[in-house]
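Pasted below: structure_24.cif, mmCIF, C-alpha atoms and all ligand atoms.
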data_model
#
loop_
_atom_site.label_atom_id
_atom_site.label_comp_id
_atom_site.auth_asym_id
_atom_site.auth_seq_id
_atom_site.Cartn_x
_atom_site.Cartn_y
_atom_site.Cartn_z
CA MET A 304 -258.28 40.51 35.17
CA LYS A 305 -255.54 42.80 36.44
CA ALA A 306 -254.26 43.38 39.95
CA THR A 307 -252.25 46.35 41.20
CA VAL A 308 -249.49 45.94 43.78
CA SER A 309 -248.02 49.21 45.12
CA GLY A 310 -248.94 51.00 41.93
CA THR A 311 -247.35 48.35 39.64
CA GLU A 312 -249.58 46.52 37.19
CA VAL A 313 -249.49 42.77 37.67
CA ARG A 314 -250.78 40.71 34.75
CA THR A 315 -252.65 37.63 35.90
CA GLY A 316 -252.66 35.86 32.57
CA GLY A 317 -256.22 35.76 31.27
CA ILE A 318 -256.32 35.55 27.45
CA THR A 319 -259.39 36.45 25.43
CA LEU A 320 -259.75 35.99 21.69
CA HIS A 321 -262.56 37.89 19.98
CA ASN A 322 -263.59 36.74 16.50
CA LEU A 323 -260.05 36.18 15.20
CA GLN A 324 -259.80 35.81 11.45
CA LYS A 325 -256.71 35.11 9.33
CA ARG A 326 -256.52 34.48 5.60
CA TYR A 327 -253.56 33.51 3.43
CA GLY A 328 -254.63 34.58 -0.08
CA SER A 329 -258.06 33.10 -0.59
CA ALA A 330 -257.60 30.35 2.07
CA VAL A 331 -259.05 30.99 5.51
CA ALA A 332 -256.57 29.65 8.11
CA VAL A 333 -258.46 30.86 11.19
CA ASP A 334 -262.16 31.53 10.91
CA ASP A 335 -263.92 33.57 13.58
CA VAL A 336 -262.20 32.07 16.61
CA SER A 337 -263.37 33.29 20.02
CA LEU A 338 -262.03 31.83 23.24
CA SER A 339 -261.68 32.87 26.84
CA VAL A 340 -258.78 31.39 28.84
CA SER A 341 -258.78 31.95 32.61
CA PRO A 342 -255.64 32.98 34.53
CA GLY A 343 -253.72 29.84 35.49
CA GLU A 344 -255.69 27.58 33.15
CA PHE A 345 -254.08 24.88 30.98
CA ILE A 346 -255.90 24.78 27.67
CA SER A 347 -254.99 22.78 24.56
CA LEU A 348 -255.74 23.64 20.97
CA LEU A 349 -256.27 20.19 19.48
CA GLY A 350 -256.89 19.41 15.84
CA PRO A 351 -255.53 17.74 12.72
CA SER A 352 -252.78 19.21 10.57
CA GLY A 353 -253.89 22.46 8.91
CA SER A 354 -256.79 23.13 11.30
CA GLY A 355 -255.42 26.54 12.32
CA LYS A 356 -253.88 25.76 15.73
CA THR A 357 -250.44 27.27 15.09
CA THR A 358 -251.84 30.30 13.31
CA THR A 359 -254.10 30.97 16.31
CA LEU A 360 -251.15 30.61 18.72
CA MET A 361 -248.95 32.85 16.57
CA MET A 362 -251.62 35.57 16.63
CA ILE A 363 -251.63 35.36 20.44
CA ALA A 364 -247.81 35.53 20.46
CA GLY A 365 -247.75 38.42 17.97
CA PHE A 366 -245.81 36.68 15.17
CA GLU A 367 -248.90 36.82 12.95
CA MET A 368 -251.37 39.70 12.63
CA PRO A 369 -255.08 38.84 12.40
CA ASP A 370 -257.07 40.30 9.51
CA SER A 371 -259.77 41.05 12.04
CA GLY A 372 -260.62 40.34 15.66
CA GLN A 373 -258.79 41.03 18.91
CA VAL A 374 -256.39 39.44 21.38
CA LEU A 375 -256.67 40.60 24.99
CA LEU A 376 -254.22 39.90 27.82
CA ASP A 377 -256.33 40.40 30.91
CA ASP A 378 -258.28 43.51 29.87
CA LYS A 379 -255.55 45.00 27.67
CA ASP A 380 -255.84 44.86 23.87
CA ILE A 381 -252.48 43.45 22.63
CA THR A 382 -253.61 42.67 19.07
CA ARG A 383 -251.17 45.10 17.44
CA LEU A 384 -248.28 44.88 19.91
CA PRO A 385 -245.01 43.35 18.65
CA PRO A 386 -244.11 39.97 20.25
CA HIS A 387 -241.41 41.29 22.61
CA ARG A 388 -243.82 43.81 24.13
CA ARG A 389 -246.44 41.17 24.94
CA GLU A 390 -244.24 39.50 27.57
CA LEU A 391 -245.58 36.03 26.75
CA GLY A 392 -243.33 32.96 26.94
CA VAL A 393 -243.23 30.95 23.70
CA ILE A 394 -241.90 27.41 23.21
CA PHE A 395 -241.60 25.81 19.78
CA GLN A 396 -241.23 22.21 18.69
CA ASN A 397 -237.64 22.68 17.51
CA TYR A 398 -236.57 24.31 20.81
CA ALA A 399 -234.78 27.16 18.96
CA LEU A 400 -231.86 27.15 21.43
CA PHE A 401 -228.71 29.12 20.57
CA PRO A 402 -226.14 26.40 19.74
CA HIS A 403 -223.09 28.50 20.68
CA MET A 404 -224.40 29.33 24.16
CA THR A 405 -224.35 27.10 27.25
CA VAL A 406 -227.56 26.10 28.96
CA ALA A 407 -227.14 28.88 31.54
CA GLU A 408 -226.43 31.46 28.81
CA ASN A 409 -229.46 30.34 26.81
CA VAL A 410 -231.70 30.70 29.82
CA ALA A 411 -230.12 34.04 30.79
CA TYR A 412 -230.67 35.49 27.31
CA PRO A 413 -234.19 36.94 27.82
CA LEU A 414 -233.01 38.59 31.05
CA ARG A 415 -229.92 40.09 29.40
CA MET A 416 -232.20 41.50 26.69
CA ARG A 417 -234.16 43.15 29.48
CA ARG A 418 -230.90 44.54 30.91
CA MET A 419 -231.35 42.93 34.28
CA ALA A 420 -228.47 43.17 36.81
CA LYS A 421 -225.92 40.33 36.60
CA ALA A 422 -226.44 39.04 40.15
CA GLU A 423 -230.21 38.96 39.70
CA ILE A 424 -229.79 37.08 36.39
CA GLU A 425 -227.60 34.45 38.07
CA THR A 426 -230.08 33.93 40.90
CA ARG A 427 -233.03 33.60 38.54
CA VAL A 428 -231.24 31.27 36.12
CA ARG A 429 -230.12 29.00 38.98
CA ARG A 430 -233.64 28.90 40.43
CA ILE A 431 -235.39 28.07 37.17
CA LEU A 432 -232.78 25.44 36.15
CA ASP A 433 -233.28 23.70 39.50
CA GLN A 434 -237.02 23.79 38.92
CA VAL A 435 -236.67 21.90 35.62
CA HIS A 436 -234.01 19.56 37.11
CA LEU A 437 -231.16 20.85 34.98
CA GLY A 438 -229.06 22.54 37.68
CA ALA A 439 -226.18 20.10 37.14
CA LEU A 440 -226.05 20.68 33.37
CA ALA A 441 -225.83 24.49 33.38
CA SER A 442 -222.48 24.66 31.58
CA ARG A 443 -223.27 22.17 28.81
CA TYR A 444 -224.02 23.16 25.22
CA PRO A 445 -227.28 22.13 23.53
CA HIS A 446 -225.57 19.53 21.29
CA GLN A 447 -224.32 17.75 24.43
CA MET A 448 -227.87 17.14 25.65
CA SER A 449 -230.77 14.82 24.80
CA GLY A 450 -233.90 16.08 23.07
CA GLY A 451 -235.85 15.95 26.32
CA GLN A 452 -233.18 17.95 28.14
CA GLN A 453 -233.07 20.54 25.36
CA GLN A 454 -236.82 20.89 25.58
CA ARG A 455 -236.52 21.55 29.30
CA VAL A 456 -233.95 24.28 28.59
CA ALA A 457 -236.44 25.85 26.20
CA ILE A 458 -239.12 25.71 28.90
CA ALA A 459 -236.72 27.26 31.45
CA ARG A 460 -235.83 30.03 29.01
CA ALA A 461 -239.49 30.80 28.40
CA LEU A 462 -240.28 30.86 32.12
CA VAL A 463 -237.25 32.77 33.40
CA PHE A 464 -238.66 36.26 32.88
CA ASP A 465 -241.82 35.25 34.72
CA PRO A 466 -244.37 35.75 31.92
CA PRO A 467 -248.03 35.41 32.95
CA VAL A 468 -248.74 33.14 29.97
CA LEU A 469 -246.80 30.34 28.30
CA LEU A 470 -247.57 29.43 24.67
CA LEU A 471 -246.39 25.97 23.62
CA ASP A 472 -246.47 24.82 19.98
CA GLU A 473 -246.17 21.01 19.75
CA PRO A 474 -243.27 21.15 22.23
CA LEU A 475 -242.96 17.35 22.43
CA GLY A 476 -243.54 16.65 18.73
CA ALA A 477 -239.95 15.67 17.95
CA LEU A 478 -239.52 13.23 20.83
CA ASP A 479 -240.17 9.51 21.07
CA LYS A 480 -243.33 8.16 22.72
CA LYS A 481 -241.85 7.23 26.12
CA LEU A 482 -240.09 10.56 26.52
CA ARG A 483 -243.22 12.44 25.44
CA GLU A 484 -245.22 10.73 28.14
CA HIS A 485 -242.55 11.50 30.73
CA LEU A 486 -242.24 15.15 29.71
CA ARG A 487 -245.97 15.69 29.51
CA ASN A 488 -246.17 14.71 33.17
CA GLU A 489 -243.31 17.08 33.94
CA ILE A 490 -245.02 19.95 32.14
CA LYS A 491 -248.21 19.21 34.01
CA THR A 492 -246.40 19.21 37.35
CA LEU A 493 -244.62 22.41 36.39
CA HIS A 494 -247.96 23.95 35.50
CA LYS A 495 -249.23 23.19 39.00
CA GLU A 496 -246.06 24.59 40.58
CA VAL A 497 -245.77 27.84 38.63
CA GLY A 498 -249.50 28.48 38.17
CA LYS A 499 -249.04 30.12 34.74
CA THR A 500 -251.69 30.18 32.06
CA MET A 501 -250.61 27.65 29.44
CA ILE A 502 -251.92 27.42 25.88
CA TYR A 503 -250.72 24.20 24.31
CA VAL A 504 -250.95 23.30 20.62
CA THR A 505 -251.04 19.60 19.76
CA HIS A 506 -252.52 17.17 17.25
CA ASP A 507 -252.13 14.36 19.81
CA GLN A 508 -255.45 13.68 21.52
CA ASP A 509 -253.90 11.62 24.34
CA GLU A 510 -251.61 14.51 25.18
CA ALA A 511 -254.46 17.04 25.13
CA LEU A 512 -256.78 14.87 27.24
CA ALA A 513 -254.07 14.01 29.77
CA MET A 514 -252.71 17.51 30.34
CA SER A 515 -255.49 20.04 29.96
CA ASP A 516 -258.09 21.69 32.15
CA ARG A 517 -260.02 22.28 28.91
CA VAL A 518 -259.53 21.24 25.31
CA ALA A 519 -260.49 23.41 22.30
CA VAL A 520 -260.98 21.12 19.31
CA MET A 521 -260.24 22.84 15.99
CA HIS A 522 -261.20 21.87 12.46
CA GLU A 523 -260.85 23.89 9.26
CA GLY A 524 -259.97 27.08 11.12
CA ARG A 525 -262.86 26.93 13.56
CA ILE A 526 -263.24 25.86 17.17
CA ARG A 527 -265.79 23.05 17.18
CA GLN A 528 -265.96 22.46 20.94
CA VAL A 529 -264.33 23.76 24.13
CA SER A 530 -264.84 21.51 27.16
CA ALA A 531 -263.10 19.60 29.94
CA PRO A 532 -261.33 16.50 28.55
CA LYS A 533 -263.86 14.03 29.91
CA ASP A 534 -266.74 16.05 28.49
CA VAL A 535 -265.16 16.29 25.02
CA TYR A 536 -264.82 12.51 25.11
CA ARG A 537 -268.20 11.76 26.63
CA TRP A 538 -270.27 14.52 25.01
CA PRO A 539 -268.72 15.31 21.62
CA ALA A 540 -270.49 18.30 20.09
CA ASP A 541 -270.48 16.95 16.53
CA LEU A 542 -269.36 14.09 14.32
CA PHE A 543 -265.94 15.60 13.71
CA VAL A 544 -265.14 15.84 17.43
CA ALA A 545 -266.57 12.36 18.08
CA GLY A 546 -264.32 10.86 15.42
CA PHE A 547 -261.20 12.89 16.18
CA VAL A 548 -261.08 12.43 19.94
CA GLY A 549 -260.81 8.71 20.62
CA GLU A 550 -262.24 5.76 18.73
CA VAL A 551 -265.98 5.77 18.12
CA ASN A 552 -268.69 3.63 16.53
CA LEU A 553 -271.00 5.77 14.39
CA ILE A 554 -274.35 4.08 13.85
CA PRO A 555 -276.88 5.57 11.39
CA ILE A 556 -280.24 5.80 13.16
CA MET A 557 -283.81 6.98 12.67
CA LEU A 558 -285.51 8.88 15.48
CA LYS A 559 -289.19 8.00 15.48
CA SER A 560 -291.72 9.11 18.12
CA GLY A 561 -289.31 8.85 21.07
CA THR A 562 -287.57 5.61 20.05
CA VAL A 563 -284.30 5.07 18.21
CA HIS A 564 -284.14 2.64 15.31
CA GLY A 565 -281.00 1.11 13.86
CA PRO A 566 -280.09 0.53 10.20
CA ALA A 567 -282.32 -2.59 10.00
CA GLY A 568 -285.20 -0.92 11.84
CA GLU A 569 -284.30 -2.60 15.18
CA ILE A 570 -284.87 -0.68 18.44
CA LEU A 571 -281.57 0.47 19.96
CA PRO A 572 -280.60 1.52 23.49
CA ALA A 573 -280.28 5.33 23.51
CA PRO A 574 -280.94 8.37 25.67
CA SER A 575 -284.53 9.60 25.51
CA TRP A 576 -285.27 11.88 22.60
CA GLN A 577 -287.77 14.76 22.64
CA ASP A 578 -287.18 16.38 19.28
CA VAL A 579 -288.80 15.85 15.88
CA ASP A 580 -288.47 12.58 13.94
CA ARG A 581 -285.38 12.53 11.75
CA ASP A 582 -282.23 10.67 10.66
CA ALA A 583 -279.25 11.01 13.00
CA THR A 584 -276.10 9.23 14.21
CA LEU A 585 -275.62 7.31 17.43
CA CYS A 586 -272.09 7.40 18.91
CA VAL A 587 -270.91 4.54 21.10
CA ARG A 588 -267.30 4.18 22.27
CA PRO A 589 -265.79 0.69 21.68
CA GLU A 590 -265.28 0.18 25.43
CA HIS A 591 -269.03 0.66 25.92
CA LEU A 592 -270.12 -1.72 23.15
CA HIS A 593 -270.83 -5.21 24.49
CA LEU A 594 -271.08 -8.30 22.34
CA GLU A 595 -273.34 -10.97 23.81
CA VAL A 596 -273.14 -14.38 22.22
CA SER A 597 -276.58 -15.86 21.38
CA ALA A 598 -278.57 -13.33 23.43
CA GLY A 599 -281.60 -13.51 21.18
CA SER A 600 -284.03 -11.17 22.88
CA SER A 601 -282.10 -8.06 24.01
CA ASP A 602 -282.30 -4.66 22.30
CA GLY A 603 -279.37 -4.20 19.99
CA ILE A 604 -277.97 -5.14 16.61
CA GLN A 605 -277.79 -8.77 15.41
CA GLY A 606 -274.62 -9.93 13.71
CA ARG A 607 -271.39 -11.90 14.01
CA ILE A 608 -267.85 -11.45 15.26
CA SER A 609 -265.82 -10.88 12.11
CA GLY A 610 -262.35 -10.39 13.60
CA MET A 611 -260.32 -9.80 16.70
CA THR A 612 -257.00 -8.11 17.53
CA PHE A 613 -254.96 -8.50 20.69
CA VAL A 614 -253.59 -5.09 21.74
CA GLY A 615 -251.93 -5.97 25.07
CA ASP A 616 -254.22 -4.82 27.84
CA ALA A 617 -257.36 -5.37 25.74
CA THR A 618 -258.81 -7.23 22.77
CA ILE A 619 -260.57 -5.35 19.98
CA PHE A 620 -263.46 -7.33 18.48
CA GLU A 621 -264.78 -6.51 15.04
CA PHE A 622 -268.51 -7.01 14.64
CA ARG A 623 -270.48 -7.12 11.40
CA SER A 624 -274.23 -6.69 11.52
CA GLU A 625 -276.63 -8.57 9.26
CA ALA A 626 -277.11 -5.28 7.35
CA GLY A 627 -273.31 -4.96 6.87
CA LEU A 628 -272.55 -2.35 9.55
CA GLN A 629 -269.02 -2.71 11.04
CA LEU A 630 -268.55 -1.95 14.74
CA LEU A 631 -265.70 -2.27 17.24
CA SER A 632 -265.86 -3.55 20.81
CA LYS A 633 -262.95 -3.16 23.21
CA VAL A 634 -262.75 -5.68 26.04
CA LEU A 635 -260.09 -5.58 28.76
CA ASN A 636 -258.10 -8.80 28.99
CA VAL A 637 -259.13 -10.07 32.39
CA SER A 638 -257.95 -13.67 32.72
CA ALA A 639 -261.16 -15.26 34.04
CA LYS A 640 -263.37 -13.86 31.28
CA ARG A 641 -264.59 -16.15 28.48
CA MET A 642 -264.01 -14.34 25.21
CA PRO A 643 -266.21 -14.81 22.12
CA GLU A 644 -264.61 -16.18 18.98
CA VAL A 645 -264.57 -15.15 15.34
CA GLY A 646 -267.73 -16.37 13.62
CA ASP A 647 -269.86 -16.39 16.80
CA PRO A 648 -273.36 -14.96 16.24
CA CYS A 649 -274.05 -12.22 18.78
CA VAL A 650 -275.98 -9.07 19.68
CA ALA A 651 -274.16 -5.74 19.94
CA SER A 652 -275.61 -3.58 22.69
CA TRP A 653 -274.72 -0.86 25.17
CA ALA A 654 -276.21 1.01 28.11
CA ALA A 655 -278.55 3.77 26.90
CA ASN A 656 -276.60 6.33 28.97
CA ASP A 657 -273.32 5.45 27.26
CA ALA A 658 -274.64 6.48 23.83
CA THR A 659 -274.81 10.00 22.38
CA ILE A 660 -277.21 11.13 19.66
CA LEU A 661 -275.73 13.55 17.11
CA THR A 662 -278.05 15.19 14.64
CA GLU A 663 -275.45 17.10 12.64
N1 LIG B 701 -247.53 31.48 6.05
C1 LIG B 701 -248.53 30.85 5.44
N2 LIG B 701 -248.82 31.05 4.15
C2 LIG B 701 -249.85 30.42 3.54
N3 LIG B 701 -250.67 29.54 4.15
C3 LIG B 701 -250.43 29.28 5.44
C4 LIG B 701 -249.35 29.90 6.16
N4 LIG B 701 -249.36 29.45 7.43
C5 LIG B 701 -250.39 28.59 7.50
N5 LIG B 701 -251.03 28.48 6.32
C6 LIG B 701 -252.22 27.64 6.04
O1 LIG B 701 -253.20 27.92 7.03
C7 LIG B 701 -253.85 26.73 7.45
C8 LIG B 701 -253.69 26.55 8.95
O2 LIG B 701 -252.33 26.30 9.24
P1 LIG B 701 -251.79 26.08 10.71
O3 LIG B 701 -250.30 25.93 10.63
O4 LIG B 701 -252.33 27.11 11.61
O5 LIG B 701 -252.44 24.67 11.08
P2 LIG B 701 -252.08 23.67 12.25
O6 LIG B 701 -253.39 23.19 12.75
O7 LIG B 701 -251.16 24.31 13.22
O8 LIG B 701 -251.35 22.50 11.48
P3 LIG B 701 -250.04 21.64 11.88
O9 LIG B 701 -250.49 20.73 12.99
O10 LIG B 701 -249.73 20.89 10.62
O11 LIG B 701 -248.98 22.60 12.28
C9 LIG B 701 -253.24 25.60 6.63
O12 LIG B 701 -254.08 25.33 5.54
C10 LIG B 701 -251.92 26.16 6.17
O13 LIG B 701 -251.51 25.60 4.95
#
For this file, produce the structure as structure tokens.
Amino acid sequence: MKATVSGTEVRTGGITLHNLQKRYGSAVAVDDVSLSVSPGEFISLLGPSGSGKTTTLMMIAGFEMPDSGQVLLDDKDITRLPPHRRELGVIFQNYALFPHMTVAENVAYPLRMRRMAKAEIETRVRRILDQVHLGALASRYPHQMSGGQQQRVAIARALVFDPPVLLLDEPLGALDKKLREHLRNEIKTLHKEVGKTMIYVTHDQDEALAMSDRVAVMHEGRIRQVSAPKDVYRWPADLFVAGFVGEVNLIPIMLKSGTVHGPAGEILPAPSWQDVDRDATLCVRPEHLHLEVSAGSSDGIQGRISGMTFVGDATIFEFRSEAGLQLLSKVLNVSAKRMPEVGDPCVASWAANDATILTE
């Protein structure tokens, strides 16, 4: 999408990737990646180390050239443009601030490179530093600031020239857990305020689920699923996504004439199934798996509690079926509830609608 105001082109920040491919020698780093990011959307590229997230982001930024495929900004093909002509803001994990420049000078740098007038630079720098709550620290040097503050300077520097798109590569990776959580909320708020398209690389599923409009899950150079966070969690497209995003119980099943049978042939609660008979996997999240002590008759898997771990707000029960299948059940620690104990015989069950059948 592209709008025109008084004859000037205004980029609105849609990014489209068409069949991007990148090899290093014989290894394929990014394998046929296509993705459409709407103007103003916050999308995360989520995946384990080596899945191709950074390489994809660097091809959008222009620091890597694809072997084939295209990158479009709105409807303009930018695949072969050098980074500085793409006008995209980029933020790296290590901040990459200039150590000999003050905060204000760091933030002013992209504007000086664009030869903007001094008064305009000062106004813009002041405005953006206020926006990231660093107005009072403008004359400090990077080494006089905390990691979180330095990261905010990097964000201010990337935003100051008003790019339509911000590319963020593990920007919180070097920070401790508390600060990460704080800054991820700040980035989310900032996203709402500035309305920029943001493409955010992370291997941290909590971060991706908490911040994004949509999450693109990557594995071995490919995008396996692109969906809203709650849909990635609730409706994983395949076993990789089910296992990577959140904890999951994977139960080997047999689909037989409309019913679902567990490893010992027992009938299991599951969504209705129309397709041919076959082996498959049933996915049930630990918070959906209930353990009922001595409930002899209900549909489910017979077994015993084999362990339990207190994790603060919840208790994780380990269950072992008679056939040797290990499952996890997560129960919130509500004081009035009677909890089962290790060794108790019980039936593991779940609501049919809380289970997902994967045939891959
Ligand atoms: N410059 C390079 N030369 C050779 N191989 C590379 C290069 N850059 C990346 N790779 C390889 O390409 C694959 C994808 O790497 P990439 O950095 O994109 O993954 P990632 O998902 O961002 O991982 P991480 O979370 O560890 O940064 C990996 O197997 C990596 O070793």
Let me have all residues with an atom within 9 Å of ligand LIG 701 (chain B), counting all atoms listed in the file, laid out as an MDAnalysis selection string.
chainID A and resid 325:328 330:333 348:361 367 472:473 504:506 521:524
Expected file: the selected residues, C-alpha atoms, as a PDB file, keeping the file's coordinate frame:
ATOM      1  CA  LYS A 325    -256.710  35.110   9.330  1.00  0.00           C
ATOM      2  CA  ARG A 326    -256.520  34.480   5.600  1.00  0.00           C
ATOM      3  CA  TYR A 327    -253.560  33.510   3.430  1.00  0.00           C
ATOM      4  CA  GLY A 328    -254.630  34.580  -0.080  1.00  0.00           C
ATOM      5  CA  ALA A 330    -257.600  30.350   2.070  1.00  0.00           C
ATOM      6  CA  VAL A 331    -259.050  30.990   5.510  1.00  0.00           C
ATOM      7  CA  ALA A 332    -256.570  29.650   8.110  1.00  0.00           C
ATOM      8  CA  VAL A 333    -258.460  30.860  11.190  1.00  0.00           C
ATOM      9  CA  LEU A 348    -255.740  23.640  20.970  1.00  0.00           C
ATOM     10  CA  LEU A 349    -256.270  20.190  19.480  1.00  0.00           C
ATOM     11  CA  GLY A 350    -256.890  19.410  15.840  1.00  0.00           C
ATOM     12  CA  PRO A 351    -255.530  17.740  12.720  1.00  0.00           C
ATOM     13  CA  SER A 352    -252.780  19.210  10.570  1.00  0.00           C
ATOM     14  CA  GLY A 353    -253.890  22.460   8.910  1.00  0.00           C
ATOM     15  CA  SER A 354    -256.790  23.130  11.300  1.00  0.00           C
ATOM     16  CA  GLY A 355    -255.420  26.540  12.320  1.00  0.00           C
ATOM     17  CA  LYS A 356    -253.880  25.760  15.730  1.00  0.00           C
ATOM     18  CA  THR A 357    -250.440  27.270  15.090  1.00  0.00           C
ATOM     19  CA  THR A 358    -251.840  30.300  13.310  1.00  0.00           C
ATOM     20  CA  THR A 359    -254.100  30.970  16.310  1.00  0.00           C
ATOM     21  CA  LEU A 360    -251.150  30.610  18.720  1.00  0.00           C
ATOM     22  CA  MET A 361    -248.950  32.850  16.570  1.00  0.00           C
ATOM     23  CA  GLU A 367    -248.900  36.820  12.950  1.00  0.00           C
ATOM     24  CA  ASP A 472    -246.470  24.820  19.980  1.00  0.00           C
ATOM     25  CA  GLU A 473    -246.170  21.010  19.750  1.00  0.00           C
ATOM     26  CA  VAL A 504    -250.950  23.300  20.620  1.00  0.00           C
ATOM     27  CA  THR A 505    -251.040  19.600  19.760  1.00  0.00           C
ATOM     28  CA  HIS A 506    -252.520  17.170  17.250  1.00  0.00           C
ATOM     29  CA  MET A 521    -260.240  22.840  15.990  1.00  0.00           C
ATOM     30  CA  HIS A 522    -261.200  21.870  12.460  1.00  0.00           C
ATOM     31  CA  GLU A 523    -260.850  23.890   9.260  1.00  0.00           C
ATOM     32  CA  GLY A 524    -259.970  27.080  11.120  1.00  0.00           C
TER      33      GLY A 524
END
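Counting all atoms listed in the file, the residue from A:Gln605, A:Asn322, A:Thr584, A:Ser530 that sits nearest to Ser624 of chain A is A:Gln605.
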With distances taken over only C-alpha atoms, which residue among A:Leu437, A:Met362, A:Ile660, A:Leu630 lies nearest Gln453 of chain A?
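Of A:Leu437, A:Met362, A:Ile660, A:Leu630, the one nearest Gln453 of chain A, counting only C-alpha atoms, is A:Leu437.
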I'd like the contact shell of segment 542-551 of chain A - 8 Å cut-off, all atoms listed in the file, skipping same-chain residues fewer than 2 positions apart - returned as a list in words.
Gly350, Gln508, Val520, His522, Arg527, Gln528, Val535, Tyr536, Pro539, Ala540, Leu553, Cys586, Val587, Arg588, Pro589, Leu661 and Glu663 of chain A
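Distance check against Glu569 of chain A using all atoms listed in the file: of A:Asp602, A:Asp516, A:Asp334, A:Glu595, the minimum falls on A:Asp602.
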Atom CA of His321 of chain A sits from atom CA of Gln373 of chain A at a separation of 5.0 Å
If you measure from atom CA of Ala583 of chain A to atom CA of Leu512 of chain A, what distance in Å do you get, rounded to one decimal?
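Atom CA of Leu512 of chain A lies at a distance of 26.9 Å from atom CA of Ala583 of chain A.
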